[in-house]
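This is my_file-v9.cif. It holds mmCIF, C-alpha atoms and all ligand atoms.
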```cif
data_target
loop_
_atom_site.label_atom_id
_atom_site.label_comp_id
_atom_site.auth_asym_id
_atom_site.auth_seq_id
_atom_site.Cartn_x
_atom_site.Cartn_y
_atom_site.Cartn_z
CA MET A 1 26.23 200.05 -112.26
CA LYS A 2 26.99 196.48 -113.08
CA LEU A 3 30.34 194.91 -113.91
CA TYR A 4 30.69 191.73 -115.91
CA TYR A 5 33.94 190.16 -114.73
CA SER A 6 36.05 187.04 -114.47
CA PRO A 7 38.02 186.46 -111.25
CA GLY A 8 41.62 187.69 -111.42
CA ALA A 9 41.19 188.96 -115.00
CA CYS A 10 41.75 192.56 -116.08
CA SER A 11 38.19 193.31 -114.94
CA LEU A 12 39.62 193.29 -111.40
CA ALA A 13 40.98 196.77 -112.22
CA THR A 14 37.41 197.99 -112.69
CA ARG A 15 36.23 196.42 -109.43
CA ILE A 16 39.16 198.06 -107.58
CA SER A 17 38.45 201.44 -109.18
CA LEU A 18 34.74 201.23 -108.34
CA HIS A 19 35.53 200.41 -104.71
CA GLU A 20 38.21 203.12 -104.54
CA ALA A 21 35.66 205.59 -105.90
CA GLY A 22 32.90 204.40 -103.55
CA ILE A 23 30.63 203.77 -106.54
CA PRO A 24 28.04 201.10 -105.72
CA ALA A 25 27.90 198.28 -108.22
CA GLU A 26 26.75 194.75 -108.70
CA PHE A 27 29.00 192.13 -110.17
CA GLU A 28 28.11 189.29 -112.51
CA ARG A 29 30.67 186.63 -113.21
CA VAL A 30 31.38 185.42 -116.73
CA ASP A 31 32.70 182.02 -117.75
CA LEU A 32 34.80 183.25 -120.67
CA LYS A 33 35.29 179.81 -122.19
CA ALA A 34 31.61 178.89 -122.14
CA GLN A 35 30.51 182.51 -122.74
CA ARG A 36 27.85 182.13 -120.04
CA THR A 37 27.23 184.45 -117.13
CA GLU A 38 26.49 183.22 -113.64
CA ARG A 39 22.83 184.02 -114.22
CA GLY A 40 22.82 181.79 -117.29
CA SER A 41 22.87 184.52 -119.97
CA ASP A 42 24.72 184.17 -123.26
CA TYR A 43 27.58 186.60 -122.72
CA SER A 44 28.49 186.97 -126.40
CA ALA A 45 25.01 188.41 -126.92
CA ILE A 46 25.69 190.95 -124.16
CA ASN A 47 29.23 191.82 -125.30
CA PRO A 48 30.04 190.91 -128.91
CA SER A 49 33.78 191.21 -128.22
CA ALA A 50 33.29 188.35 -125.71
CA CYS A 51 35.81 189.89 -123.30
CA VAL A 52 35.58 191.26 -119.81
CA PRO A 53 35.31 193.90 -118.46
CA LEU A 54 31.95 195.24 -119.50
CA LEU A 55 30.34 197.97 -117.44
CA VAL A 56 26.61 198.65 -117.57
CA LEU A 57 25.74 202.16 -116.43
CA ASN A 58 22.63 203.00 -114.43
CA ASP A 59 20.88 204.27 -117.56
CA GLY A 60 21.53 200.96 -119.36
CA GLU A 61 24.40 202.20 -121.56
CA THR A 62 27.24 199.70 -121.80
CA VAL A 63 30.93 200.58 -121.90
CA ALA A 64 33.58 198.06 -122.97
CA GLU A 65 37.41 198.26 -123.07
CA ASN A 66 39.59 198.78 -120.03
CA VAL A 67 40.82 202.19 -121.19
CA ALA A 68 37.32 203.59 -121.67
CA ILE A 69 35.92 202.08 -118.47
CA LEU A 70 38.78 203.27 -116.29
CA LYS A 71 38.63 206.74 -117.85
CA LEU A 72 34.89 206.87 -117.15
CA ILE A 73 35.43 206.00 -113.48
CA ALA A 74 38.24 208.56 -113.20
CA ASP A 75 35.92 211.18 -114.70
CA ARG A 76 33.36 210.43 -111.99
CA ALA A 77 35.92 210.21 -109.16
CA PRO A 78 38.44 213.03 -109.58
CA GLU A 79 40.57 211.66 -106.72
CA LEU A 80 41.45 208.74 -109.02
CA ARG A 81 42.88 211.04 -111.71
CA PRO A 82 46.49 212.24 -111.74
CA ASP A 83 47.12 215.89 -110.96
CA CYS A 84 50.38 216.38 -112.85
CA SER A 85 50.57 218.73 -115.81
CA LEU A 86 48.78 217.32 -118.87
CA ALA A 87 46.96 215.12 -116.35
CA GLU A 88 44.25 213.93 -118.73
CA ILE A 89 46.76 213.16 -121.47
CA ARG A 90 49.13 211.40 -119.06
CA LEU A 91 46.27 209.20 -117.89
CA ILE A 92 45.26 208.22 -121.42
CA GLU A 93 48.90 207.75 -122.38
CA MET A 94 49.48 205.37 -119.46
CA LEU A 95 46.20 203.47 -119.84
CA SER A 96 46.93 203.01 -123.55
CA PHE A 97 50.41 201.72 -122.86
CA LEU A 98 49.10 199.33 -120.22
CA SER A 99 46.42 198.05 -122.60
CA THR A 100 48.16 197.84 -125.95
CA GLU A 101 51.67 197.05 -124.78
CA LEU A 102 51.74 195.38 -121.36
CA HIS A 103 48.34 193.63 -121.38
CA ALA A 104 48.87 192.52 -124.98
CA ALA A 105 52.29 191.12 -124.08
CA PHE A 106 50.66 188.81 -121.51
CA LYS A 107 48.20 187.29 -124.00
CA PRO A 108 50.27 184.16 -124.82
CA TYR A 109 50.09 183.20 -121.13
CA PHE A 110 46.34 182.84 -121.48
CA HIS A 111 46.34 180.72 -124.60
CA ASP A 112 47.95 177.45 -125.49
CA ALA A 113 51.27 179.03 -126.46
CA SER A 114 54.44 177.09 -127.17
CA ALA A 115 57.43 177.29 -124.80
CA ALA A 116 59.19 179.46 -127.38
CA ASP A 117 56.25 181.87 -127.56
CA LEU A 118 56.07 182.02 -123.77
CA ALA A 119 59.77 182.85 -123.59
CA LYS A 120 59.20 185.68 -126.09
CA ALA A 121 56.20 186.88 -124.11
CA ARG A 122 58.25 186.93 -120.92
CA GLU A 123 60.91 189.07 -122.61
CA ALA A 124 58.25 191.44 -123.92
CA VAL A 125 56.65 191.76 -120.48
CA VAL A 126 60.00 192.38 -118.77
CA ARG A 127 60.90 195.07 -121.34
CA ARG A 128 57.59 196.84 -120.80
CA LEU A 129 57.83 196.61 -117.00
CA ASP A 130 61.22 198.30 -117.27
CA ILE A 131 59.75 201.10 -119.37
CA ILE A 132 57.00 201.61 -116.80
CA THR A 133 59.49 201.60 -113.91
CA ASN A 134 61.68 204.20 -115.59
CA GLY A 135 58.66 206.40 -116.30
CA MET A 136 57.20 206.37 -112.78
CA ARG A 137 56.29 209.87 -111.66
CA GLY A 138 56.31 209.24 -107.91
CA PRO A 139 55.44 206.55 -105.38
CA TYR A 140 52.45 205.73 -107.61
CA LEU A 141 52.58 205.41 -111.38
CA LEU A 142 51.47 208.95 -112.17
CA GLY A 143 52.53 210.82 -109.07
CA ASP A 144 52.00 210.88 -105.36
CA HIS A 145 48.55 209.31 -105.24
CA PHE A 146 46.69 206.25 -106.51
CA THR A 147 44.94 206.51 -109.88
CA VAL A 148 42.93 204.10 -112.03
CA ALA A 149 46.17 203.39 -113.92
CA ASP A 150 47.59 201.85 -110.75
CA ALA A 151 44.54 199.59 -110.55
CA TYR A 152 45.17 198.31 -114.08
CA LEU A 153 48.90 197.87 -113.51
CA PHE A 154 48.23 196.07 -110.21
CA VAL A 155 46.28 193.32 -111.99
CA MET A 156 49.16 192.72 -114.36
CA LEU A 157 51.74 192.76 -111.57
CA ARG A 158 49.71 189.93 -110.01
CA TRP A 159 49.93 188.04 -113.31
CA ALA A 160 53.69 188.65 -113.38
CA ARG A 161 53.96 187.26 -109.86
CA ASN A 162 51.86 184.22 -110.81
CA HIS A 163 54.18 183.54 -113.73
CA GLU A 164 57.32 184.10 -111.66
CA ILE A 165 58.40 187.18 -113.54
CA GLU A 166 60.64 189.18 -111.27
CA LEU A 167 59.64 192.80 -110.74
CA PRO A 168 62.10 195.70 -110.64
CA ALA A 169 62.45 196.90 -107.01
CA ARG A 170 60.43 200.08 -107.54
CA LEU A 171 57.57 198.15 -109.11
CA PHE A 172 57.65 195.58 -106.35
CA ALA A 173 57.37 198.43 -103.82
CA LEU A 174 54.46 199.84 -105.83
CA PHE A 175 52.79 196.41 -105.88
CA GLU A 176 53.06 196.21 -102.08
CA ARG A 177 51.80 199.77 -101.68
CA ILE A 178 48.75 199.08 -103.85
CA SER A 179 48.12 195.67 -102.23
CA ALA A 180 47.88 197.31 -98.80
CA ARG A 181 45.02 199.64 -99.80
CA GLU A 182 41.70 198.69 -98.22
CA PRO A 183 39.58 198.83 -101.44
CA VAL A 184 42.22 196.73 -103.18
CA ARG A 185 42.29 194.09 -100.44
CA ARG A 186 38.50 194.04 -100.46
CA SER A 187 38.41 193.57 -104.25
CA VAL A 188 40.98 190.77 -104.21
CA ASN A 189 39.14 189.02 -101.36
CA GLU A 190 35.84 189.28 -103.20
CA GLU A 191 37.29 187.62 -106.29
CA GLU A 192 39.33 185.02 -104.42
CA ARG A 193 36.48 183.68 -102.36
CA ILE A 194 34.28 183.03 -105.38
CA VAL A 195 33.33 179.41 -105.86
CA PRO A 196 33.99 177.85 -109.27
CA LEU A 197 31.34 178.94 -111.74
CA VAL A 198 30.64 175.38 -112.88
CA SER A 199 28.97 174.67 -109.54
CA ALA A 200 26.92 177.86 -109.70
CA SER A 201 26.02 177.97 -113.38
CA ALA A 202 23.34 175.31 -113.30
CA GLY A 203 21.15 177.21 -110.88
CA SER A 204 20.18 180.80 -110.51
CA THR A 205 22.30 183.24 -108.48
N1 LIG B 301 40.56 195.00 -125.52
C1 LIG B 301 39.96 194.50 -124.31
C2 LIG B 301 40.67 193.22 -123.91
C3 LIG B 301 40.18 192.69 -122.62
C4 LIG B 301 40.70 191.29 -122.36
O1 LIG B 301 41.67 190.82 -122.98
N2 LIG B 301 40.05 190.64 -121.44
C5 LIG B 301 40.39 189.28 -121.15
C6 LIG B 301 40.45 189.04 -119.67
S1 LIG B 301 41.86 189.81 -118.97
C7 LIG B 301 39.32 188.40 -121.71
O2 LIG B 301 38.16 188.66 -121.56
N3 LIG B 301 39.74 187.36 -122.42
C8 LIG B 301 38.83 186.45 -123.03
C9 LIG B 301 39.38 185.90 -124.27
O3 LIG B 301 40.42 186.38 -124.72
O4 LIG B 301 38.75 184.98 -124.80
C10 LIG B 301 40.07 195.54 -123.21
O5 LIG B 301 41.09 196.21 -123.11
O6 LIG B 301 39.12 195.69 -122.41
#
```
Rewrite the structure of this file - the entire thing - as structure tokens.
Amino acid sequence: MKLYYSPGACSLATRISLHEAGIPAEFERVDLKAQRTERGSDYSAINPSACVPLLVLNDGETVAENVAILKLIADRAPELRPDCSLAEIRLIEMLSFLSTELHAAFKPYFHDASAADLAKAREAVVRRLDIITNGMRGPYLLGDHFTVADAYLFVMLRWARNHEIELPARLFALFERISAREPVRRSVNEEERIVPLVSASAGST
């Protein structure tokens, strides 16, 4: 498989899930502003939605959208699925909430938003983090073990930390619990030690 990603973006959830699942993959970085990949390809021609993540399967099929990609990995790695009742539904329910509510609430932070819009965004994020905290089904989001939903949430808890949004105590504990996992530390290290794309984009990989 191959993941198109941008360091620290939501595509980190896919990298974490792949490593947690032990699925071998290659990773190609995307400069989202320039819409160029590190190998010099025009990314908008590869993914018309111009967003990361994009996963290319071994048979050449591409899958976009966090919810679909994370569901696909969970389907291939049953240990990354919840095992509560209505497990499949609970996973889709949580991934949808993370995508359409929490992730969407962060969007102003990534665009040139006014101070007033950022204040509204902060309120929206805090409200949604409270909903997630109150709905936690165990030490992890959906029960007693890590699922792909935790990977997605983890990325956004990092964004919250970067924007000095205080986490409820239970979510902070969850953040620490996820951070300590070996595949998560590996994923974060891989993305943090990447040199700026500008210096790599002129040449080949
Ligand atoms: N609907 C997409 C949204 C993904 C998304 O917002 N990705 C961000 C990175 S976290 C991105 O690529 N942003 C580029 C842009 O908005 O121009 C999904 O859920 O996969």
*asked:* Between A:Leu32, A:Leu55, A:Leu98, A:Ala25, which residue has the minimum interatomic distance to ligand LIG 301 (chain B), considering only C-alpha atoms and all ligand atoms?
replied: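 Among the listed residues, A:Leu32 lies closest to ligand LIG 301 (chain B).
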*In terms of the shortest atom-to-atom distance over all atoms listed in the file, which of A:Asn134, A:Thr14, A:Glu101, A:Pro24 is closest to A:Met1?*
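Of A:Asn134, A:Thr14, A:Glu101, A:Pro24, the one nearest A:Met1 is A:Pro24, counting all atoms listed in the file.
With atom CA of A:Asp42 on one side and atom CA of A:Val155 on the other, the separation reads 26.0 Å.
Shown here are all protein and nucleic acid residues lying within 8 Å of (55.3, 191.9, -113.5), with all atoms listed in the file considered: A:Val125, A:Val126, A:Leu129, A:Met156, A:Leu157, A:Arg158, A:Trp159, A:Ala160, A:Arg161, A:Ile165, A:Glu166, A:Leu167, A:Leu171.
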_For atom CA of A:Asn66 and atom C8 of ligand LIG 301 (chain B), the interatomic separation in Å (one decimal)_ = 12.7 Å
Pick out the residues sitting within 9 Å of stretch 82-97 of chain A, and hand them over as a PDB file with C-alpha atoms, keeping the file's coordinate frame; count all atoms listed in the file, and ignore anything fewer than 4 positions along from it in its own chain.
```pdb
ATOM      1  CA  ASN A  66      39.590 198.780-120.030  1.00  0.00           C
ATOM      2  CA  VAL A  67      40.820 202.190-121.190  1.00  0.00           C
ATOM      3  CA  LEU A  70      38.780 203.270-116.290  1.00  0.00           C
ATOM      4  CA  LYS A  71      38.630 206.740-117.850  1.00  0.00           C
ATOM      5  CA  PRO A  78      38.440 213.030-109.580  1.00  0.00           C
ATOM      6  CA  GLU A 101      51.670 197.050-124.780  1.00  0.00           C
ATOM      7  CA  LEU A 102      51.740 195.380-121.360  1.00  0.00           C
ATOM      8  CA  HIS A 103      48.340 193.630-121.380  1.00  0.00           C
ATOM      9  CA  ARG A 128      57.590 196.840-120.800  1.00  0.00           C
ATOM     10  CA  ILE A 132      57.000 201.610-116.800  1.00  0.00           C
ATOM     11  CA  ARG A 137      56.290 209.870-111.660  1.00  0.00           C
ATOM     12  CA  LEU A 141      52.580 205.410-111.380  1.00  0.00           C
ATOM     13  CA  LEU A 142      51.470 208.950-112.170  1.00  0.00           C
ATOM     14  CA  GLY A 143      52.530 210.820-109.070  1.00  0.00           C
ATOM     15  CA  ASP A 144      52.000 210.880-105.360  1.00  0.00           C
ATOM     16  CA  HIS A 145      48.550 209.310-105.240  1.00  0.00           C
ATOM     17  CA  PHE A 146      46.690 206.250-106.510  1.00  0.00           C
ATOM     18  CA  THR A 147      44.940 206.510-109.880  1.00  0.00           C
ATOM     19  CA  VAL A 148      42.930 204.100-112.030  1.00  0.00           C
ATOM     20  CA  ALA A 149      46.170 203.390-113.920  1.00  0.00           C
ATOM     21  CA  TYR A 152      45.170 198.310-114.080  1.00  0.00           C
ATOM     22  CA  LEU A 153      48.900 197.870-113.510  1.00  0.00           C
TER      23      LEU A 153
END
```
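For the choices A:Phe172, A:Phe27, A:Tyr43, A:Phe110, the atom-to-atom distance to ligand LIG 301 (chain B) is smallest for A:Phe110 when using only C-alpha atoms and all ligand atoms.
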*Within 8 Å of stretch 178-194 of chain A, counting all atoms listed in the file, which residues qualify if same-chain residues fewer than 2 places away don't, as a count of residues only?*
15
*Return as a count of residues only every polymer residue, whether protein, DNA or RNA, with at least one atom no more than 9 Å from an atom of ligand LIG 301 (chain B); count all atoms listed in the file.*
32
_Given all atoms listed in the file as the counted atoms, nearest of A:Ile23, A:Met136, A:Ala173, A:Ala105 to A:Ala124_ =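 Looking only at the distances to A:Ala124, the closest residue turns out to be A:Ala105.
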*Rounded to one decimal in Å, what is the spacing between atom CA of A:Arg36 and atom CA of A:Gly60?*
19.9 Å
*Using all atoms listed in the file, which of A:Glu38, A:Leu72, A:Arg170, A:Lys2 sits nearest A:Pro139?*
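Once distances to A:Pro139 are computed over all atoms listed in the file, the minimum belongs to A:Arg170.
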*asked:* When you count all atoms listed in the file, which of these residues is closest to A:Asn47: A:Ala113, A:Leu3, A:Ala74, A:Leu18?
replied: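 Closest candidate: A:Leu3.
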Could you rebuild stretch 75-103 of chain A with N, CA and C atoms and give me the result as a compact mmCIF listing (two decimals), in the frame of the given file?
```txt
# COMPACT_ATOMS: atom_id res chain seq x y z
N ASP A 75 36.69 209.95 -114.46
CA ASP A 75 35.92 211.18 -114.70
C ASP A 75 34.89 211.40 -113.60
N ARG A 76 34.38 210.30 -113.05
CA ARG A 76 33.36 210.43 -111.99
C ARG A 76 33.97 210.51 -110.60
N ALA A 77 35.25 210.19 -110.48
CA ALA A 77 35.92 210.21 -109.16
C ALA A 77 37.26 210.93 -109.33
N PRO A 78 37.23 212.25 -109.27
CA PRO A 78 38.44 213.03 -109.58
C PRO A 78 39.66 212.65 -108.75
N GLU A 79 39.42 212.06 -107.55
CA GLU A 79 40.57 211.66 -106.72
C GLU A 79 41.35 210.51 -107.36
N LEU A 80 40.76 209.86 -108.36
CA LEU A 80 41.45 208.74 -109.02
C LEU A 80 42.13 209.16 -110.32
N ARG A 81 42.17 210.51 -110.54
CA ARG A 81 42.88 211.04 -111.71
C ARG A 81 44.23 211.58 -111.24
N PRO A 82 45.22 211.62 -112.14
CA PRO A 82 46.49 212.24 -111.74
C PRO A 82 46.32 213.75 -111.64
N ASP A 83 47.22 214.43 -110.95
CA ASP A 83 47.12 215.89 -110.96
C ASP A 83 48.42 216.54 -111.44
N CYS A 84 49.17 215.80 -112.25
CA CYS A 84 50.38 216.38 -112.85
C CYS A 84 49.96 217.28 -114.02
N SER A 85 50.95 217.95 -114.64
CA SER A 85 50.57 218.73 -115.81
C SER A 85 50.20 217.75 -116.93
N LEU A 86 49.33 218.18 -117.82
CA LEU A 86 48.78 217.32 -118.87
C LEU A 86 48.12 216.08 -118.27
N ALA A 87 47.46 216.27 -117.11
CA ALA A 87 46.96 215.12 -116.35
C ALA A 87 46.10 214.18 -117.20
N GLU A 88 45.16 214.75 -117.94
CA GLU A 88 44.25 213.93 -118.73
C GLU A 88 45.02 213.13 -119.79
N ILE A 89 45.95 213.81 -120.43
CA ILE A 89 46.76 213.16 -121.47
C ILE A 89 47.65 212.08 -120.86
N ARG A 90 48.25 212.39 -119.71
CA ARG A 90 49.13 211.40 -119.06
C ARG A 90 48.34 210.15 -118.68
N LEU A 91 47.09 210.36 -118.26
CA LEU A 91 46.27 209.20 -117.89
C LEU A 91 45.98 208.34 -119.13
N ILE A 92 45.58 208.98 -120.20
CA ILE A 92 45.26 208.22 -121.42
C ILE A 92 46.53 207.56 -121.97
N GLU A 93 47.63 208.30 -121.90
CA GLU A 93 48.90 207.75 -122.38
C GLU A 93 49.25 206.47 -121.61
N MET A 94 49.12 206.53 -120.28
CA MET A 94 49.48 205.37 -119.46
C MET A 94 48.49 204.22 -119.65
N LEU A 95 47.19 204.54 -119.66
CA LEU A 95 46.20 203.47 -119.84
C LEU A 95 46.39 202.80 -121.21
N SER A 96 46.72 203.57 -122.21
CA SER A 96 46.93 203.01 -123.55
C SER A 96 48.15 202.10 -123.56
N PHE A 97 49.20 202.55 -122.91
CA PHE A 97 50.41 201.72 -122.86
C PHE A 97 50.12 200.41 -122.12
N LEU A 98 49.41 200.53 -121.00
CA LEU A 98 49.10 199.33 -120.22
C LEU A 98 48.26 198.36 -121.05
N SER A 99 47.32 198.90 -121.83
CA SER A 99 46.42 198.05 -122.60
C SER A 99 47.10 197.45 -123.83
N THR A 100 47.68 198.32 -124.64
CA THR A 100 48.16 197.84 -125.95
C THR A 100 49.56 197.25 -125.89
N GLU A 101 50.31 197.58 -124.87
CA GLU A 101 51.67 197.05 -124.78
C GLU A 101 51.80 195.98 -123.69
N LEU A 102 51.51 196.35 -122.44
CA LEU A 102 51.74 195.38 -121.36
C LEU A 102 50.69 194.26 -121.37
N HIS A 103 49.41 194.64 -121.39
CA HIS A 103 48.34 193.63 -121.38
C HIS A 103 48.50 192.72 -122.60
```
